[in-house]
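Trainee: Sharing a structure below in structure tokens format, with a few things to ask.
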Amino acid sequence: MAFIEFKNVSKGYSGAQGFSPVLKDINLQIEEGEFVAIVGYSGAGKTTLISLIAGLIKPDIGQVLMNGKEIQGADPERGIVFQNYSLLPWLTVYENIRLAVDEVLSDKTKEEQDAHTLKYIKMVNVSHARDRFPKELSGGMRQRVSVARALAMNPKVLLLDEPLSALDALTRATLQDEIKNIWEAEKKTVLLITNDVDEGILLADRIIPLSAGPGATLGAPVQVNIARPRDRKKINHEPRFKEIRKEVNGYLLGLGTKPKLTLEKKLVLPAIEPEDLDHPRSLIPGATVAPIRSNEVKKERVEL
Amino acid sequence: MSEQFEKKIKDYVILPLFGVLCFMLLWCLICSVTDNLPNPIKMWQKSELFIYEPFAKRGEMDQGILRFTGLSISLVGQGYLVALIFGTPLGFFLGLSKLFTRSFDPIIQILRPVSPLAWYPLGLVLFELSPEPSYFASLFTISVCAMWPTVLNTAVGVRAIPQDYLNVAKVLKLSRSKTLFKVLIPATLPYMFTGFRLSLGIAWLVIVAVEMLKGQPGIGGFLWDAYNAGNYSLVILCILVIGLVGFTLDRLMSLVEGKFKTA
């Protein structure tokens, strides 16, 4: 049995233009201790996917299971690092992390909670900024604090929702290395959502491409069988690196996933049955004046 | 440096003084047309006593100007406090629950524009049996009138809390009280303080009307008394003091408000 499992999950939102599907027929299995990266276009529904695992939203169809049990609501055992950091601006770095620690280690003493908090502040190298407020930190440091907060919850699985997409290339590389080191040290199950194939190859065991929305679905997983520890400089020369990259990009750019141009046509199916003569003609205003015809108006979608 | 200093002097001293001068000229101009209105010099001579002895108490309606102001501020403070105590939670309920909003928003929108002059008699009726009906009626009027900006701003603030913060609270499984004190209230504070500031302004407007109705000792009561005695100099003095106090209160509140604008 897989640790985390998606069974035929579909999810959509109803907005002003009616119902729009976001994810369709998602099937996914993640084993314990695995590092899985999901790579896809922006707006394809990656955040929706991770919110489903986090338990922040529920699927319309299908099930999301963890250890064989359906996920009911959010829980600290699934730590999440949000795309926009989501640190509480009125709390310092220490207080932001301590808030999480207090919830998870509520049975421990104050000293133990304090030590636990400081341990994770140190792990992500923000010790010097522990009493600063989020607005006084750079984007990279905020994201580190956000990672520390998620890790400090002692989660069974760590969900990373495009954690590095808002950062500059250099900070991004440093943080990728840090995430890699933390994963190697803690051996947690990690699900990374990203739009950067290289990032996925560097970090993950398995890459799963997500097709473009609406109605995005997952492609065939690609195994990243490159030996660890991986070095970002050497990995570029690895033949397997290029192969994986080609495979994932091939799926993402491939014809099979591009939304086809379609044209909607109105189609009137004429009434081939005779008029319903049992229905009398009526002169009362508002009532149907003529016998009912069973014309049917249908829409037809033509792919170009 | 010195150039900047000169500019500051010009912007904050000379130009405002020019405005005051224009105002005085207009005042004198009107005085020269009508006999009823005292000119600035006459006004000063008449009200000297109340300014030089600001805390004197010579009789119920014959006290120093600051003593009257103090009485009014104390009453405003009490009414304002009651307004905040009821208004803030009400705002939170409105912001948090759609059902609550749908049920009570119409009635709030109808009660909001009602003038303090209309609430005061109702207050007298409501507190008829209390030891001091006029005192409780004043409190009631001030709090009912001053409450609405706090209620509405708090509600808007609660609705404007970013989903991200709520998601954090959900993922951490914060208890209800912790969600309230660590997430909801801090996120709403900037809006709440805007409401508090507007509420205080209204409370200060209301007090004058209320005191005039009942003729209680206070800045508004004093004003009405002076008018009845035909002492228009004191009326003008009261108007100036009311304006100054209102301005000061608003400045103080926006200082406090600025402190919470960090988020």
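Labels used: A, B, ... for chains in the order of the structure tokens, numbers from 1 for residues in each chain, and numbers from 1 for ligands as shown.
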Using only C-alpha atoms, find each residue of chain B with at least one atom at most 12 Å away from an atom of chain A; report its shortest atom-to-atom pair and that distance in Å (one decimal), sort the rows by chain and rising residue number, and return the result as a Markdown table.
Mentor:
| residue | atom | partner | partner_atom | distance |
| --- | --- | --- | --- | --- |
| B:Ile161 | CA | A:Leu88 | CA | 11.3 |
| B:Pro162 | CA | A:Ser86 | CA | 9.3 |
| B:Gln163 | CA | A:Ser86 | CA | 9.4 |
| B:Asp164 | CA | A:Ser86 | CA | 5.7 |
| B:Tyr165 | CA | A:Ser86 | CA | 6.3 |
| B:Leu166 | CA | A:Ser86 | CA | 9.6 |
| B:Asn167 | CA | A:Leu56 | CA | 7.1 |
| B:Val168 | CA | A:Ser86 | CA | 7.1 |
| B:Ala169 | CA | A:Ala100 | CA | 9.3 |
| B:Lys170 | CA | A:Ala74 | CA | 5.8 |
| B:Val171 | CA | A:Ala74 | CA | 4.9 |
| B:Leu172 | CA | A:Pro76 | CA | 5.3 |
| B:Lys173 | CA | A:Asp75 | CA | 6.2 |
| B:Leu174 | CA | A:Glu103 | CA | 6.8 |
| B:Ser175 | CA | A:Glu103 | CA | 8.7 |
| B:Lys178 | CA | A:Leu99 | CA | 9.5 |
| B:Thr179 | CA | A:Leu99 | CA | 10.6 |
| B:Phe181 | CA | A:Trp90 | CA | 11.5 |
| B:Lys182 | CA | A:Leu99 | CA | 8.7 |
| B:Val183 | CA | A:Leu88 | CA | 7.6 |
| B:Leu184 | CA | A:Leu88 | CA | 10.7 |
| B:Ile185 | CA | A:Trp90 | CA | 10.6 |
| B:Pro186 | CA | A:Trp90 | CA | 6.9 |
| B:Ala187 | CA | A:Trp90 | CA | 8.1 |
| B:Thr188 | CA | A:Trp90 | CA | 11.2 |
| B:Leu189 | CA | A:Trp90 | CA | 10.4 |
| B:Pro190 | CA | A:Trp90 | CA | 11.4 |
| B:Lys259 | CA | A:Trp90 | CA | 11.8 |
| B:Phe260 | CA | A:Trp90 | CA | 9.5 |
| B:Lys261 | CA | A:Trp90 | CA | 10.5 |
| B:Thr262 | CA | A:Trp90 | CA | 8.0 |
| B:Ala263 | CA | A:Pro89 | CA | 5.8 |
Trainee: With C-alpha atoms retained, export the selected residues as a JSON list (two decimals), in the first residue's frame.
Mentor:
[["chain", "number", "residue", "atom", "x", "y", "z"],
["B", 161, "ILE", "CA", -7.72, 38.49, 6.03],
["B", 162, "PRO", "CA", -5.61, 36.72, 3.38],
["B", 163, "GLN", "CA", -6.54, 33.08, 2.83],
["B", 164, "ASP", "CA", -2.85, 32.22, 3.37],
["B", 165, "TYR", "CA", -3.00, 33.14, 7.05],
["B", 166, "LEU", "CA", -6.14, 31.09, 7.50],
["B", 167, "ASN", "CA", -4.45, 28.16, 5.75],
["B", 168, "VAL", "CA", -1.53, 28.44, 8.16],
["B", 169, "ALA", "CA", -3.95, 28.29, 11.08],
["B", 170, "LYS", "CA", -5.61, 25.24, 9.52],
["B", 171, "VAL", "CA", -2.38, 23.37, 8.85],
["B", 172, "LEU", "CA", -1.11, 24.05, 12.37],
["B", 173, "LYS", "CA", -4.52, 22.98, 13.68],
["B", 174, "LEU", "CA", -4.62, 26.01, 15.97],
["B", 175, "SER", "CA", -7.39, 25.96, 18.52],
["B", 178, "LYS", "CA", -5.41, 30.66, 19.37],
["B", 179, "THR", "CA", -6.64, 31.27, 15.83],
["B", 181, "PHE", "CA", -5.66, 35.80, 19.15],
["B", 182, "LYS", "CA", -2.69, 34.81, 16.99],
["B", 183, "VAL", "CA", -4.19, 35.16, 13.53],
["B", 184, "LEU", "CA", -7.58, 36.85, 13.27],
["B", 185, "ILE", "CA", -7.10, 39.76, 15.67],
["B", 186, "PRO", "CA", -3.56, 40.74, 14.61],
["B", 187, "ALA", "CA", -4.57, 40.55, 10.95],
["B", 188, "THR", "CA", -7.60, 42.77, 11.58],
["B", 189, "LEU", "CA", -5.92, 45.32, 13.89],
["B", 190, "PRO", "CA", -5.09, 47.93, 11.22],
["B", 259, "LYS", "CA", 1.77, 51.91, 14.92],
["B", 260, "PHE", "CA", -0.43, 49.06, 13.74],
["B", 261, "LYS", "CA", -0.10, 49.73, 10.03],
["B", 262, "THR", "CA", 3.01, 47.53, 9.91],
["B", 263, "ALA", "CA", 1.26, 44.45, 8.64]]
Trainee: Report the residues of segment 105-234 of chain A whose backbone DSSP state falls under strand (DSSP E), written as a VMD selection string.
Mentor: chain A and resid 157 to 161 189 to 194 206 to 210 222 to 223
Trainee: Would you mind exporting N, CA and C atoms of the selected residues as a PDB file, in the first residue's frame?
Mentor:
ATOM      1  N   VAL A 157       5.121  13.976   6.082  1.00  0.00           N
ATOM      2  CA  VAL A 157       5.395  14.298   4.690  1.00  0.00           C
ATOM      3  C   VAL A 157       5.506  15.811   4.564  1.00  0.00           C
ATOM      4  N   LEU A 158       6.455  16.227   3.731  1.00  0.00           N
ATOM      5  CA  LEU A 158       6.687  17.644   3.552  1.00  0.00           C
ATOM      6  C   LEU A 158       6.200  18.031   2.159  1.00  0.00           C
ATOM      7  N   LEU A 159       5.299  18.998   2.110  1.00  0.00           N
ATOM      8  CA  LEU A 159       4.754  19.437   0.828  1.00  0.00           C
ATOM      9  C   LEU A 159       5.363  20.785   0.473  1.00  0.00           C
ATOM     10  N   LEU A 160       6.022  20.850  -0.666  1.00  0.00           N
ATOM     11  CA  LEU A 160       6.664  22.108  -1.067  1.00  0.00           C
ATOM     12  C   LEU A 160       5.956  22.639  -2.307  1.00  0.00           C
ATOM     13  N   ASP A 161       5.236  23.747  -2.146  1.00  0.00           N
ATOM     14  CA  ASP A 161       4.456  24.293  -3.245  1.00  0.00           C
ATOM     15  C   ASP A 161       5.256  25.400  -3.926  1.00  0.00           C
ATOM     16  N   THR A 189       9.324  11.926   3.593  1.00  0.00           N
ATOM     17  CA  THR A 189       8.650  11.892   2.296  1.00  0.00           C
ATOM     18  C   THR A 189       8.451  13.334   1.855  1.00  0.00           C
ATOM     19  N   VAL A 190       8.850  13.638   0.625  1.00  0.00           N
ATOM     20  CA  VAL A 190       8.710  15.012   0.166  1.00  0.00           C
ATOM     21  C   VAL A 190       7.985  15.038  -1.170  1.00  0.00           C
ATOM     22  N   LEU A 191       7.042  15.953  -1.286  1.00  0.00           N
ATOM     23  CA  LEU A 191       6.412  16.189  -2.579  1.00  0.00           C
ATOM     24  C   LEU A 191       6.730  17.623  -2.968  1.00  0.00           C
ATOM     25  N   LEU A 192       7.483  17.764  -4.050  1.00  0.00           N
ATOM     26  CA  LEU A 192       7.884  19.090  -4.497  1.00  0.00           C
ATOM     27  C   LEU A 192       7.100  19.446  -5.750  1.00  0.00           C
ATOM     28  N   ILE A 193       6.500  20.609  -5.727  1.00  0.00           N
ATOM     29  CA  ILE A 193       5.793  21.092  -6.905  1.00  0.00           C
ATOM     30  C   ILE A 193       6.661  22.176  -7.511  1.00  0.00           C
ATOM     31  N   THR A 194       6.925  22.117  -8.780  1.00  0.00           N
ATOM     32  CA  THR A 194       7.821  23.100  -9.373  1.00  0.00           C
ATOM     33  C   THR A 194       7.502  23.287 -10.850  1.00  0.00           C
ATOM     34  N   ARG A 206      11.749  10.837  -8.407  1.00  0.00           N
ATOM     35  CA  ARG A 206      10.801  10.553  -9.460  1.00  0.00           C
ATOM     36  C   ARG A 206      10.190  11.876  -9.896  1.00  0.00           C
ATOM     37  N   ILE A 207      10.037  12.063 -11.195  1.00  0.00           N
ATOM     38  CA  ILE A 207       9.407  13.287 -11.687  1.00  0.00           C
ATOM     39  C   ILE A 207       8.123  12.904 -12.405  1.00  0.00           C
ATOM     40  N   ILE A 208       7.052  13.611 -12.073  1.00  0.00           N
ATOM     41  CA  ILE A 208       5.790  13.343 -12.748  1.00  0.00           C
ATOM     42  C   ILE A 208       5.336  14.635 -13.422  1.00  0.00           C
ATOM     43  N   PRO A 209       5.204  14.620 -14.734  1.00  0.00           N
ATOM     44  CA  PRO A 209       4.741  15.829 -15.405  1.00  0.00           C
ATOM     45  C   PRO A 209       3.231  16.000 -15.284  1.00  0.00           C
ATOM     46  N   LEU A 210       2.821  17.254 -15.139  1.00  0.00           N
ATOM     47  CA  LEU A 210       1.395  17.577 -15.069  1.00  0.00           C
ATOM     48  C   LEU A 210       1.040  18.347 -16.333  1.00  0.00           C
ATOM     49  N   VAL A 222       8.703   9.677 -14.470  1.00  0.00           N
ATOM     50  CA  VAL A 222      10.037   9.430 -14.978  1.00  0.00           C
ATOM     51  C   VAL A 222      10.958   9.203 -13.789  1.00  0.00           C
ATOM     52  N   GLN A 223      11.622   8.054 -13.778  1.00  0.00           N
ATOM     53  CA  GLN A 223      12.505   7.731 -12.663  1.00  0.00           C
ATOM     54  C   GLN A 223      13.814   8.510 -12.822  1.00  0.00           C
TER      55      GLN A 223
END
Trainee: List the neighbours of segment 34-45 of chain B out to 8 Å using only C-alpha atoms; skip same-chain residues closer than 5 positions along the sequence, and give me the result as a PyMOL selection string.
Mentor: chain B and resi 24+27-28+232-234+236-237
Trainee: Got a sec: who's within 7 Å of segment 198-202 of chain B, counting only C-alpha atoms, leaving out chain neighbours fewer than 6 positions off, as a list in words?
Mentor: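 So, after excluding close chain neighbours, the residues are Tyr80, Ala146, Met147, Pro149, Thr150, Gly246 and Asp250 of chain B.
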Trainee: Export N, CA and C atoms of the chosen residues as a CSV table (one decimal), in the first residue's frame?
Mentor:
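Contents of result.csv, freshly written:
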chain,number,residue,atom,x,y,z
B,80,TYR,N,-17.5,55.9,24.6
B,80,TYR,CA,-16.6,55.4,23.6
B,80,TYR,C,-16.2,54.0,23.9
B,146,ALA,N,-21.5,56.1,18.1
B,146,ALA,CA,-20.0,55.9,17.8
B,146,ALA,C,-19.7,54.5,17.4
B,147,MET,N,-20.6,53.6,17.6
B,147,MET,CA,-20.2,52.2,17.4
B,147,MET,C,-20.0,51.8,15.9
B,149,PRO,N,-18.7,52.9,12.9
B,149,PRO,CA,-17.5,52.8,12.2
B,149,PRO,C,-16.6,51.6,12.7
B,150,THR,N,-16.6,51.4,14.0
B,150,THR,CA,-15.8,50.2,14.5
B,150,THR,C,-16.4,48.9,14.0
B,246,GLY,N,-11.2,68.0,19.3
B,246,GLY,CA,-11.5,67.0,18.3
B,246,GLY,C,-10.3,66.7,17.4
B,250,ASP,N,-8.1,63.2,17.2
B,250,ASP,CA,-7.9,62.5,15.9
B,250,ASP,C,-6.4,62.3,15.7
Trainee: As number ranges by chain, which residues of segment 3-211 of chain B does DSSP assign to alpha helix (DSSP H)?
Mentor: B: 3-9, 15-33, 40-52, 65-96, 98-111, 116-126, 133-159, 163-171, 176-178, 185-211
Trainee: Please, what distance in Å, to one decimal, runs between atom CA of Pro113 of chain B and atom CA of Cys145 of chain B?
Mentor: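 Distance between the two atoms: 8.5 Å.
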Trainee: Quote the spacing between atom CA of Gly250 of chain A and atom CA of Glu238 of chain A in Å to one decimal place.
Mentor: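 If I compute the distance from atom CA of Gly250 of chain A to atom CA of Glu238 of chain A, I get 18.5 Å.
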Trainee: Hey, which of A:Phe3, A:Leu137, A:Glu31, A:Gly18 ends up closest to Ile71 of chain A? Count only C-alpha atoms.
Mentor: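 With only C-alpha atoms as the atom set, the closest residue is A:Phe3.
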Trainee: Can you tell me which residues surround Gly64 of chain B at a distance of at most 7 Å, considering only C-alpha atoms, apart from same-chain residues fewer than 6 positions away, and format the answer as a tab-separated table (two decimals) with N, CA and C atoms, in the first residue's frame?
Mentor:
chain	number	residue	atom	x	y	z
B	50	PHE	N	-12.41	82.67	31.63
B	50	PHE	CA	-12.55	81.22	31.52
B	50	PHE	C	-11.24	80.55	31.07
B	51	ILE	N	-10.38	81.35	30.41
B	51	ILE	CA	-9.12	80.79	29.93
B	51	ILE	C	-8.03	80.95	30.99
B	53	GLU	N	-8.41	81.10	34.17
B	53	GLU	CA	-8.67	80.20	35.30
B	53	GLU	C	-9.36	78.95	34.76
B	54	PRO	N	-8.60	78.12	34.05
B	54	PRO	CA	-9.24	77.03	33.30
B	54	PRO	C	-9.90	75.98	34.18
B	55	PHE	N	-9.46	75.88	35.44
B	55	PHE	CA	-10.02	74.80	36.28
B	55	PHE	C	-10.90	75.33	37.40
B	56	ALA	N	-11.23	76.62	37.35
B	56	ALA	CA	-12.03	77.19	38.42
B	56	ALA	C	-13.45	76.65	38.39
B	57	LYS	N	-14.06	76.59	39.56
B	57	LYS	CA	-15.47	76.21	39.61
B	57	LYS	C	-16.21	77.23	40.45
Trainee: Report, in Å with one decimal, the straight-line distance from atom CA of Lys246 of chain A to atom CA of Ala220 of chain A.
Mentor: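 Distance reported for this atom pair: 13.4 Å.
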